[in-house]
file query-v3.cif (mmCIF, C-alpha atoms and all ligand atoms)
data_entry
loop_
_atom_site.label_atom_id
_atom_site.label_comp_id
_atom_site.auth_asym_id
_atom_site.auth_seq_id
_atom_site.Cartn_x
_atom_site.Cartn_y
_atom_site.Cartn_z
CA MET A 623 0.00 0.00 0.00
CA ASN A 624 1.22 3.50 -0.83
CA ILE A 625 1.09 5.71 2.23
CA ILE A 626 2.17 8.90 0.45
CA GLU A 627 1.85 9.73 -3.25
CA THR A 628 2.59 12.82 -5.26
CA GLU A 629 0.81 13.45 -8.53
CA LYS A 630 2.22 15.93 -11.03
CA LEU A 631 3.62 17.87 -8.08
CA SER A 632 5.21 21.17 -9.08
CA TYR A 633 6.55 23.84 -6.76
CA LYS A 634 7.58 27.35 -7.71
CA TYR A 635 9.43 29.61 -5.24
CA ASP A 636 8.57 33.31 -4.99
CA ASP A 637 11.43 34.25 -7.30
CA GLY A 638 9.63 32.36 -10.09
CA SER A 639 12.02 29.38 -10.27
CA TYR A 640 10.55 25.88 -10.29
CA ALA A 641 12.17 23.58 -7.71
CA LEU A 642 9.88 20.64 -8.62
CA ARG A 643 8.22 19.84 -11.92
CA ASP A 644 5.51 17.22 -12.47
CA VAL A 645 6.87 14.90 -9.81
CA ASP A 646 5.03 11.55 -9.58
CA LEU A 647 6.26 9.46 -6.67
CA THR A 648 4.84 6.73 -4.49
CA PHE A 649 6.08 5.78 -1.04
CA GLU A 650 5.13 2.33 0.15
CA LYS A 651 4.05 1.80 3.74
CA GLY A 652 6.57 0.10 6.03
CA ARG A 653 9.58 0.62 3.79
CA ILE A 654 12.71 2.73 3.92
CA THR A 655 12.88 4.88 0.79
CA SER A 656 15.90 7.07 0.03
CA VAL A 657 15.73 10.14 -2.15
CA LEU A 658 19.03 10.94 -3.84
CA GLY A 659 19.98 13.99 -5.84
CA ALA A 660 22.74 16.58 -6.14
CA ASN A 661 22.57 19.90 -4.27
CA GLY A 662 19.55 21.84 -5.47
CA ALA A 663 17.84 18.77 -6.98
CA GLY A 664 14.66 19.52 -4.99
CA LYS A 665 14.78 16.98 -2.13
CA SER A 666 14.04 19.42 0.70
CA THR A 667 11.34 21.15 -1.34
CA LEU A 668 9.73 17.75 -2.00
CA PHE A 669 9.77 16.83 1.70
CA LEU A 670 8.29 20.18 2.76
CA ASN A 671 5.45 19.60 0.29
CA MET A 672 4.92 16.10 1.67
CA ASN A 673 3.88 17.23 5.12
CA GLY A 674 2.13 20.41 4.12
CA VAL A 675 4.80 22.97 5.14
CA LEU A 676 4.78 24.08 1.50
CA HIS A 677 1.65 24.12 -0.64
CA PRO A 678 2.08 22.71 -4.18
CA THR A 679 1.96 25.25 -7.00
CA ASN A 680 0.38 22.53 -9.14
CA GLY A 681 -0.46 18.90 -8.59
CA LYS A 682 -1.25 16.99 -5.43
CA VAL A 683 0.10 15.18 -2.42
CA ARG A 684 -1.96 12.28 -1.07
CA PHE A 685 -1.65 10.70 2.37
CA CYS A 686 -3.34 7.31 2.91
CA GLY A 687 -5.13 7.75 -0.42
CA GLU A 688 -6.63 11.17 0.38
CA ASP A 689 -5.58 14.57 -0.92
CA ILE A 690 -3.87 16.65 1.76
CA LYS A 691 -6.09 19.46 3.02
CA TYR A 692 -4.50 22.74 4.03
CA ASP A 693 -6.80 24.03 6.78
CA LYS A 694 -5.15 24.30 10.21
CA LYS A 695 -6.93 21.30 11.77
CA SER A 696 -6.09 18.96 8.85
CA LEU A 697 -2.48 20.11 8.80
CA ASN A 698 -2.07 19.52 12.55
CA GLU A 699 -3.47 16.01 12.12
CA LEU A 700 -1.19 15.38 9.11
CA ARG A 701 1.91 16.56 10.98
CA ARG A 702 1.09 14.29 13.90
CA ARG A 703 1.10 11.34 11.49
CA VAL A 704 3.87 12.50 9.14
CA GLY A 705 6.85 13.81 11.13
CA ILE A 706 9.65 15.67 9.42
CA VAL A 707 13.18 16.21 10.67
CA PHE A 708 14.46 19.31 8.88
CA GLN A 709 17.84 19.46 7.18
CA ASP A 710 18.97 22.21 9.58
CA PRO A 711 18.35 21.36 13.26
CA ASP A 712 18.25 25.07 14.11
CA ASP A 713 14.96 25.21 12.15
CA GLN A 714 13.54 22.59 14.50
CA LEU A 715 14.80 23.32 18.00
CA PHE A 716 13.35 26.25 19.88
CA SER A 717 12.95 25.38 23.58
CA ALA A 718 15.39 26.31 26.30
CA SER A 719 16.41 22.80 27.32
CA VAL A 720 16.87 19.55 25.43
CA PHE A 721 14.24 17.77 27.52
CA GLN A 722 11.69 20.55 26.94
CA ASP A 723 12.37 20.51 23.23
CA VAL A 724 12.18 16.77 22.76
CA SER A 725 9.05 16.46 24.92
CA PHE A 726 7.18 19.24 23.07
CA GLY A 727 5.60 16.99 20.42
CA ALA A 728 4.46 14.45 23.04
CA MET A 729 2.95 17.23 25.19
CA ASN A 730 0.97 18.40 22.18
CA LEU A 731 -0.55 14.94 21.86
CA LYS A 732 -2.12 15.58 25.29
CA LEU A 733 -0.72 12.37 26.74
CA ASP A 734 -0.45 11.72 30.49
CA ARG A 735 2.52 13.41 32.09
CA SER A 736 4.08 10.03 32.91
CA GLU A 737 3.71 8.92 29.27
CA VAL A 738 5.31 12.18 28.06
CA ILE A 739 8.26 11.64 30.40
CA SER A 740 8.69 7.99 29.46
CA ARG A 741 8.50 8.68 25.70
CA THR A 742 10.93 11.58 26.01
CA GLU A 743 13.45 9.59 28.03
CA SER A 744 13.19 6.67 25.62
CA ALA A 745 13.68 8.94 22.56
CA LEU A 746 16.69 10.67 24.16
CA LYS A 747 18.20 7.28 24.92
CA ARG A 748 17.56 5.94 21.41
CA VAL A 749 19.51 8.83 19.86
CA GLY A 750 22.23 8.65 22.53
CA ILE A 751 21.83 12.04 24.23
CA GLU A 752 20.09 11.20 27.51
CA HIS A 753 23.08 12.68 29.37
CA LEU A 754 22.37 16.07 27.75
CA LYS A 755 18.71 16.32 28.72
CA ASP A 756 19.13 19.32 31.01
CA ASN A 757 21.49 21.21 28.71
CA PRO A 758 20.42 24.33 26.83
CA THR A 759 19.70 23.45 23.18
CA HIS A 760 21.73 26.41 21.88
CA ALA A 761 24.86 25.01 23.54
CA LEU A 762 24.74 21.63 21.78
CA SER A 763 27.19 20.66 19.04
CA PHE A 764 25.77 20.34 15.51
CA GLY A 765 25.57 16.53 15.69
CA GLN A 766 23.95 16.69 19.14
CA LYS A 767 21.36 19.17 17.80
CA LYS A 768 20.67 16.79 14.94
CA ARG A 769 20.07 13.96 17.42
CA ALA A 770 17.79 16.16 19.56
CA ALA A 771 15.76 17.13 16.47
CA ILE A 772 15.35 13.44 15.57
CA ALA A 773 14.31 12.56 19.14
CA GLY A 774 11.71 15.37 18.99
CA ILE A 775 10.01 13.56 16.12
CA LEU A 776 10.40 10.04 17.56
CA VAL A 777 8.42 11.00 20.70
CA MET A 778 5.31 11.49 18.60
CA ARG A 779 5.63 7.98 17.12
CA PRO A 780 4.44 9.13 13.68
CA GLU A 781 3.44 6.61 11.01
CA VAL A 782 5.78 8.27 8.51
CA ILE A 783 9.12 9.79 9.45
CA ILE A 784 10.73 12.01 6.84
CA LEU A 785 14.37 12.85 7.53
CA ASP A 786 16.19 15.41 5.42
CA GLU A 787 19.87 14.45 5.48
CA PRO A 788 19.75 12.88 8.94
CA THR A 789 23.32 11.58 8.81
CA ALA A 790 24.97 14.89 7.86
CA GLY A 791 27.21 15.98 10.72
CA LEU A 792 26.92 12.73 12.69
CA ASP A 793 30.07 10.85 13.69
CA PRO A 794 30.55 7.34 12.16
CA MET A 795 29.07 5.50 15.14
CA GLY A 796 26.22 8.01 15.18
CA VAL A 797 25.45 7.25 11.51
CA SER A 798 25.38 3.48 12.10
CA SER A 799 23.29 3.71 15.23
CA LEU A 800 20.81 6.17 13.66
CA MET A 801 20.37 4.04 10.55
CA GLY A 802 20.04 0.89 12.71
CA LEU A 803 17.43 2.69 14.82
CA LEU A 804 15.45 3.76 11.73
CA LYS A 805 15.54 0.21 10.37
CA ASP A 806 14.31 -1.09 13.71
CA ILE A 807 11.45 1.44 13.87
CA CYS A 808 10.53 0.47 10.33
CA ARG A 809 10.73 -3.32 10.75
CA SER A 810 9.40 -3.73 14.29
CA GLU A 811 6.92 -0.85 14.52
CA GLY A 812 5.83 -0.75 10.86
CA ALA A 813 6.75 2.93 10.39
CA THR A 814 7.49 4.28 6.94
CA ILE A 815 10.86 6.01 6.67
CA ILE A 816 11.76 8.48 3.93
CA ILE A 817 15.26 9.96 3.92
CA SER A 818 17.40 12.14 1.74
CA THR A 819 21.13 11.72 1.99
CA HIS A 820 24.42 12.43 0.26
CA ASP A 821 25.92 9.53 2.21
CA ILE A 822 25.80 7.11 -0.74
CA ASP A 823 27.64 4.33 1.12
CA VAL A 824 24.84 3.88 3.66
CA VAL A 825 22.08 3.92 1.03
CA PRO A 826 22.24 0.28 -0.15
CA VAL A 827 22.62 -1.01 3.40
CA TYR A 828 19.34 0.45 4.59
CA SER A 829 17.15 1.32 1.62
CA ASP A 830 14.35 -0.84 0.27
CA TYR A 831 13.79 1.58 -2.60
CA ILE A 832 15.51 4.63 -4.07
CA TYR A 833 14.40 7.64 -6.10
CA VAL A 834 16.86 9.83 -7.94
CA LEU A 835 15.93 13.47 -8.47
CA ASP A 836 17.66 15.94 -10.75
CA LYS A 837 16.77 19.59 -11.31
CA GLY A 838 13.33 19.12 -9.82
CA GLU A 839 12.41 16.05 -11.86
CA VAL A 840 12.35 12.34 -11.08
CA LEU A 841 15.06 10.59 -13.05
CA LYS A 842 14.59 7.08 -11.83
CA GLY A 843 13.16 4.81 -9.15
CA GLY A 844 14.28 1.31 -8.26
CA THR A 845 15.79 -1.07 -5.75
CA PRO A 846 19.41 -0.34 -4.77
CA GLU A 847 20.60 -3.02 -7.23
CA GLU A 848 18.57 -1.49 -10.06
CA ILE A 849 19.84 2.02 -9.32
CA PHE A 850 23.52 1.08 -8.90
CA ARG A 851 23.55 -1.09 -12.03
CA ASP A 852 23.94 2.08 -14.12
CA PRO A 853 26.87 4.04 -12.63
CA ASP A 854 27.36 6.29 -15.66
CA ALA A 855 23.80 7.60 -15.35
CA LEU A 856 24.46 8.41 -11.68
CA ARG A 857 27.72 10.19 -12.50
CA ALA A 858 26.02 12.24 -15.19
CA HIS A 859 23.86 13.68 -12.40
CA ASN A 860 26.64 14.39 -9.88
CA LEU A 861 26.08 11.18 -7.93
CA ARG A 862 28.31 8.15 -7.56
CA LEU A 863 28.34 4.45 -6.76
CA PRO A 864 28.89 3.31 -3.19
CA ARG A 865 32.67 2.67 -2.69
CA ILE A 866 32.15 -1.08 -2.45
CA ALA A 867 30.32 -1.20 -5.79
CA HIS A 868 32.96 1.10 -7.30
CA LEU A 869 35.69 -1.38 -6.38
CA LEU A 870 33.73 -4.19 -8.06
CA GLU A 871 33.16 -1.95 -11.09
CA VAL A 872 36.94 -1.32 -11.42
CA LEU A 873 37.65 -5.05 -11.08
CA ASN A 874 35.05 -5.68 -13.77
CA LYS A 875 35.89 -2.95 -16.27
CA ALA A 876 39.65 -2.49 -15.76
CA ASP A 877 40.62 -6.05 -14.88
CA GLY A 878 37.97 -7.89 -16.90
CA ILE A 879 36.73 -9.92 -13.93
CA ASP A 880 33.21 -11.15 -14.36
CA LEU A 881 31.30 -9.84 -11.37
CA ASP A 882 28.12 -7.96 -10.69
CA PHE A 883 28.95 -4.41 -9.55
CA SER A 884 25.40 -3.59 -8.54
CA LYS A 885 26.26 -5.50 -5.34
CA SER A 886 26.91 -2.50 -3.19
CA THR A 887 26.92 -3.71 0.41
CA ILE A 888 29.89 -5.38 2.08
CA SER A 889 27.97 -8.64 2.58
CA ALA A 890 26.72 -8.81 -1.04
CA ALA A 891 30.16 -7.92 -2.45
CA ARG A 892 31.79 -10.45 -0.15
CA ARG A 893 29.50 -13.19 -1.48
CA GLU A 894 30.25 -12.10 -5.06
CA LEU A 895 34.03 -12.22 -4.47
CA LEU A 896 33.93 -15.52 -2.56
CA LYS A 897 31.99 -17.07 -5.46
CA LEU A 898 34.87 -16.16 -7.78
CA ILE A 899 37.63 -17.24 -5.40
CA ARG A 900 35.96 -20.57 -4.68
CA THR A 901 35.54 -21.37 -8.36
CA ASP A 902 39.17 -20.34 -8.96
CA THR A 903 38.01 -17.97 -11.71
CA ILE A 904 40.56 -15.34 -10.81
CA LEU A 905 43.45 -17.64 -9.94
N1 LIG B 1 13.51 29.83 -0.41
C1 LIG B 1 13.89 29.65 -1.67
N2 LIG B 1 13.70 30.62 -2.62
C2 LIG B 1 14.06 30.44 -3.90
N3 LIG B 1 14.61 29.29 -4.38
C3 LIG B 1 14.82 28.31 -3.48
C4 LIG B 1 14.47 28.43 -2.10
N4 LIG B 1 14.81 27.28 -1.47
C5 LIG B 1 15.34 26.47 -2.42
N5 LIG B 1 15.34 27.09 -3.63
C6 LIG B 1 15.83 26.54 -4.89
O1 LIG B 1 15.06 25.38 -5.20
C7 LIG B 1 15.89 24.35 -5.74
C8 LIG B 1 15.75 23.08 -4.92
O2 LIG B 1 16.27 23.34 -3.63
P1 LIG B 1 16.21 22.25 -2.47
O3 LIG B 1 16.65 22.93 -1.22
O4 LIG B 1 14.88 21.60 -2.48
O5 LIG B 1 17.32 21.21 -2.99
P2 LIG B 1 17.97 19.96 -2.26
O6 LIG B 1 17.90 18.81 -3.21
O7 LIG B 1 17.36 19.78 -0.92
O8 LIG B 1 19.51 20.41 -2.12
P3 LIG B 1 20.61 20.09 -0.98
O9 LIG B 1 21.20 18.75 -1.31
O10 LIG B 1 21.62 21.18 -1.16
O11 LIG B 1 19.95 20.14 0.35
C9 LIG B 1 17.31 24.92 -5.78
O12 LIG B 1 17.58 25.37 -7.08
C10 LIG B 1 17.26 26.07 -4.79
O13 LIG B 1 18.15 27.10 -5.18
MG MG B 2 18.06 19.86 0.97
#

call {"tool": "encode", "arguments": {"input": "query-v3.cif", "output": "structure tokens"}}
result
Amino acid sequence: MNIIETEKLSYKYDDGSYALRDVDLTFEKGRITSVLGANGAGKSTLFLNMNGVLHPTNGKVRFCGEDIKYDKKSLNELRRRVGIVFQDPDDQLFSASVFQDVSFGAMNLKLDRSEVISRTESALKRVGIEHLKDNPTHALSFGQKKRAAIAGILVMRPEVIILDEPTAGLDPMGVSSLMGLLKDICRSEGATIIISTHDIDVVPVYSDYIYVLDKGEVLKGGTPEEIFRDPDALRAHNLRLPRIAHLLEVLNKADGIDLDFSKSTISAARRELLKLIRTDTIL
């Protein structure tokens, strides 16, 4: 089932430039979908249209099969069910302390005080900043702000979580634990996760499906294997293969070794290489 769809979605900024043109996309419930695209491709504009922060110039956004409505009540309901973590955490954080900020969304759901506290503590723990709960938000590092902004969405337990470059600015362990957390929320709680990222190496590890945007248009959609099978098309649009797949591509094209370079995770590439070694093809 598609939880969010866009139909001929176009968005024009006030200066008259189109950031999105006739974008038709479907996001399946319970999957992790990544949206790739060079700087300025339109990823953030797309996401802001998907939870009603921006209003399409033309076309539609549908949530659970129904056109989004833009009155205040409908938008509040939509944003409770479709949470967005903005690209810049300073656009998201506004309370004095981390605990206040992260708990804000849960307070708005009018939950019991004990439930608000337990959700907030659990979200802080899941993003690894429970020790900072009493700190002022303005004094956090960039990566800590990013984690606080993510926790502020997790407390609401939305059905869809849209994250605009969630890994930017996180340390390597932070990237792995965030992506592991998102996968867990998706697989065990059935949430739908939509992310944009320039971190190509993590994309095949966590994505069920990928869309590639360029200059406000959809270039392609497919599974990671389908997308990474055509590296020249990616390069033509300022993207690249994951490093693992690039190594296999060099072995294939420069050294003439017969292997499938759409295998872009360590485990898939390892299987591909072991197959060759075990059949003595390269010896
Ligand atoms: N407020 C604005 N006013 C005018 N044009 C804008 C505005 N915000 C974005 N744009 C333009 O819209 C296009 C899409 O921008 P958008 O921020 O959606 O891209 P993006 O894919 O998220 O890029 P990045 O990877 O850098 O975050 C760009 O050409 C950008 O210059
Ligand atoms: Mg962006």

call {"tool": "residues_near_ligand", "arguments": {"input": "query-v3.cif", "ligand": "ligand MG 2 (chain B)", "cutoff": "7 Å", "atoms": "all atoms listed in the file", "output": "PyMOL selection string"}}
result
chain A and resi 661-662+664-666+709+786

call {"tool": "residues_near_ligand", "arguments": {"input": "query-v3.cif", "ligand": "ligand LIG 1 (chain B)", "cutoff": "12 Å", "atoms": "only C-alpha atoms and all ligand atoms", "output": "ChimeraX atom specification"}}
result
/A:632-643,657-671,676,708-710,785-788,790,817-821,834-840,860-861

call {"tool": "atom_distance", "arguments": {"input": "query-v3.cif", "atom1": "atom CA of Leu776 of chain A", "atom2": "atom CA of Lys747 of chain A"}}
result
11.1 Å

call {"tool": "closest_residue", "arguments": {"input": "query-v3.cif", "among": "A:Asp723, A:Asp734, A:Glu811, A:Asp756", "to": "Ala770 of chain A", "atoms": "all atoms listed in the file"}}
result
A:Asp723

call {"tool": "closest_residue", "arguments": {"input": "query-v3.cif", "among": "A:His753, A:Gly844, A:Gly705, A:Pro826", "to": "Ile775 of chain A", "atoms": "all atoms listed in the file"}}
result
A:Gly705

call {"tool": "closest_residue", "arguments": {"input": "query-v3.cif", "among": "A:Leu881, A:Ile822, A:Leu896, A:Ile832", "to": "Leu863 of chain A", "atoms": "only C-alpha atoms"}}
result
A:Ile822

call {"tool": "atom_distance", "arguments": {"input": "query-v3.cif", "atom1": "atom CA of Leu792 of chain A", "atom2": "atom CA of Gln766 of chain A"}}
result
8.1 Å

call {"tool": "residues_around", "arguments": {"input": "query-v3.cif", "residues": "Thr655 of chain A", "least_positions_apart": "5", "cutoff": "8 Å", "atoms": "only C-alpha atoms", "output": "list in words"}}
result
Phe649, Ile815, Ile816, Ile817, Ser829, Asp830, Tyr831, Ile832 and Tyr833 of chain A

call {"tool": "residues_around", "arguments": {"input": "query-v3.cif", "residues": "Ser884 of chain A", "least_positions_apart": "3", "cutoff": "8 Å", "atoms": "only C-alpha atoms", "output": "list in words"}}
result
Pro846, Glu847, Glu848, Ile849, Phe850, Arg851 and Ala867 of chain A

call {"tool": "closest_residue", "arguments": {"input": "query-v3.cif", "among": "A:Ile625, A:Val827, A:Met729, A:Val707", "to": "Val797 of chain A", "atoms": "only C-alpha atoms"}}
result
A:Val827

call {"tool": "residues_around", "arguments": {"input": "query-v3.cif", "residues": "Glu699 of chain A", "least_positions_apart": "3", "cutoff": "12 Å", "atoms": "only C-alpha atoms", "output": "CSV table (one decimal) with C-alpha atoms, keeping the file's coordinate frame"}}
result
chain,number,residue,atom,x,y,z
A,673,ASN,CA,3.9,17.2,5.1
A,674,GLY,CA,2.1,20.4,4.1
A,685,PHE,CA,-1.6,10.7,2.4
A,690,ILE,CA,-3.9,16.6,1.8
A,691,LYS,CA,-6.1,19.5,3.0
A,692,TYR,CA,-4.5,22.7,4.0
A,693,ASP,CA,-6.8,24.0,6.8
A,694,LYS,CA,-5.2,24.3,10.2
A,695,LYS,CA,-6.9,21.3,11.8
A,696,SER,CA,-6.1,19.0,8.8
A,702,ARG,CA,1.1,14.3,13.9
A,703,ARG,CA,1.1,11.3,11.5
A,704,VAL,CA,3.9,12.5,9.1
A,705,GLY,CA,6.8,13.8,11.1
A,730,ASN,CA,1.0,18.4,22.2
A,731,LEU,CA,-0.6,14.9,21.9
A,778,MET,CA,5.3,11.5,18.6
A,780,PRO,CA,4.4,9.1,13.7
A,781,GLU,CA,3.4,6.6,11.0

call {"tool": "atom_distance", "arguments": {"input": "query-v3.cif", "atom1": "atom CA of Val777 of chain A", "atom2": "atom CA of Ile654 of chain A"}}
result
19.2 Å

call {"tool": "residues_around", "arguments": {"input": "query-v3.cif", "residues": "Asp712 of chain A", "least_positions_apart": "4", "cutoff": "12 Å", "atoms": "only C-alpha atoms", "output": "list in words"}}
result
Val707, Phe708, Phe716, Ser717, Asp723, Thr759, His760, Ala761, Leu762, Ser763, Phe764, Gly765, Gln766, Lys767, Lys768, Arg769, Ala770 and Ala771 of chain A

call {"tool": "closest_residue", "arguments": {"input": "query-v3.cif", "among": "A:Leu647, A:Leu733, A:Ala858, A:Gly652", "to": "Leu804 of chain A", "atoms": "only C-alpha atoms"}}
result
A:Gly652

call {"tool": "closest_residue", "arguments": {"input": "query-v3.cif", "among": "A:Val749, A:Ala813, A:Val825, A:Leu697", "to": "Met795 of chain A", "atoms": "all atoms listed in the file"}}
result
A:Val749

call {"tool": "build_atoms", "arguments": {"input": "query-v3.cif", "residues": "segment 682-706 of chain A", "atoms": "N, CA and C atoms", "output": "mmCIF file, in the coordinates of the input"}}
result
data_model
loop_
_atom_site.group_PDB
_atom_site.id
_atom_site.type_symbol
_atom_site.label_atom_id
_atom_site.label_comp_id
_atom_site.auth_asym_id
_atom_site.auth_seq_id
_atom_site.Cartn_x
_atom_site.Cartn_y
_atom_site.Cartn_z
ATOM 1 N N LYS A 682 -0.679 17.418 -6.718
ATOM 2 C CA LYS A 682 -1.250 16.990 -5.430
ATOM 3 C C LYS A 682 -0.283 16.153 -4.620
ATOM 4 N N VAL A 683 -0.538 16.148 -3.314
ATOM 5 C CA VAL A 683 0.100 15.180 -2.420
ATOM 6 C C VAL A 683 -1.030 14.427 -1.742
ATOM 7 N N ARG A 684 -0.941 13.090 -1.748
ATOM 8 C CA ARG A 684 -1.960 12.280 -1.070
ATOM 9 C C ARG A 684 -1.340 11.540 0.101
ATOM 10 N N PHE A 685 -2.069 11.485 1.217
ATOM 11 C CA PHE A 685 -1.650 10.700 2.370
ATOM 12 C C PHE A 685 -2.743 9.676 2.657
ATOM 13 N N CYS A 686 -2.369 8.409 2.728
ATOM 14 C CA CYS A 686 -3.340 7.310 2.910
ATOM 15 C C CYS A 686 -4.471 7.421 1.894
ATOM 16 N N GLY A 687 -4.131 7.739 0.662
ATOM 17 C CA GLY A 687 -5.130 7.750 -0.420
ATOM 18 C C GLY A 687 -5.964 9.005 -0.516
ATOM 19 N N GLU A 688 -5.796 9.956 0.420
ATOM 20 C CA GLU A 688 -6.630 11.170 0.380
ATOM 21 C C GLU A 688 -5.783 12.404 0.134
ATOM 22 N N ASP A 689 -6.300 13.319 -0.670
ATOM 23 C CA ASP A 689 -5.580 14.570 -0.920
ATOM 24 C C ASP A 689 -5.361 15.307 0.396
ATOM 25 N N ILE A 690 -4.151 15.826 0.574
ATOM 26 C CA ILE A 690 -3.870 16.650 1.760
ATOM 27 C C ILE A 690 -4.756 17.887 1.735
ATOM 28 N N LYS A 691 -5.319 18.215 2.910
ATOM 29 C CA LYS A 691 -6.090 19.460 3.020
ATOM 30 C C LYS A 691 -5.248 20.452 3.809
ATOM 31 N N TYR A 692 -5.427 21.738 3.499
ATOM 32 C CA TYR A 692 -4.500 22.740 4.030
ATOM 33 C C TYR A 692 -5.100 23.632 5.113
ATOM 34 N N ASP A 693 -6.294 23.259 5.641
ATOM 35 C CA ASP A 693 -6.800 24.030 6.780
ATOM 36 C C ASP A 693 -5.992 23.613 8.019
ATOM 37 N N LYS A 694 -6.031 24.479 9.050
ATOM 38 C CA LYS A 694 -5.150 24.300 10.210
ATOM 39 C C LYS A 694 -5.354 22.932 10.895
ATOM 40 N N LYS A 695 -6.629 22.545 11.055
ATOM 41 C CA LYS A 695 -6.930 21.300 11.770
ATOM 42 C C LYS A 695 -6.361 20.088 10.999
ATOM 43 N N SER A 696 -6.591 20.086 9.665
ATOM 44 C CA SER A 696 -6.090 18.960 8.850
ATOM 45 C C SER A 696 -4.573 18.912 8.863
ATOM 46 N N LEU A 697 -3.946 20.097 8.820
ATOM 47 C CA LEU A 697 -2.480 20.110 8.800
ATOM 48 C C LEU A 697 -1.908 19.617 10.134
ATOM 49 N N ASN A 698 -2.552 20.007 11.248
ATOM 50 C CA ASN A 698 -2.070 19.520 12.550
ATOM 51 C C ASN A 698 -2.153 18.002 12.615
ATOM 52 N N GLU A 699 -3.268 17.463 12.128
ATOM 53 C CA GLU A 699 -3.470 16.010 12.120
ATOM 54 C C GLU A 699 -2.408 15.340 11.226
ATOM 55 N N LEU A 700 -2.172 15.936 10.041
ATOM 56 C CA LEU A 700 -1.190 15.380 9.110
ATOM 57 C C LEU A 700 0.198 15.354 9.756
ATOM 58 N N ARG A 701 0.551 16.451 10.414
ATOM 59 C CA ARG A 701 1.910 16.560 10.980
ATOM 60 C C ARG A 701 2.106 15.660 12.187
ATOM 61 N N ARG A 702 0.999 15.271 12.817
ATOM 62 C CA ARG A 702 1.090 14.290 13.900
ATOM 63 C C ARG A 702 1.420 12.908 13.321
ATOM 64 N N ARG A 703 0.925 12.675 12.096
ATOM 65 C CA ARG A 703 1.100 11.340 11.490
ATOM 66 C C ARG A 703 2.302 11.270 10.553
ATOM 67 N N VAL A 704 2.707 12.429 10.034
ATOM 68 C CA VAL A 704 3.870 12.500 9.140
ATOM 69 C C VAL A 704 4.867 13.482 9.769
ATOM 70 N N GLY A 705 5.872 12.945 10.458
ATOM 71 C CA GLY A 705 6.850 13.810 11.130
ATOM 72 C C GLY A 705 8.005 14.110 10.198
ATOM 73 N N ILE A 706 8.503 15.332 10.274
ATOM 74 C CA ILE A 706 9.650 15.670 9.420
ATOM 75 C C ILE A 706 10.789 16.205 10.285
#
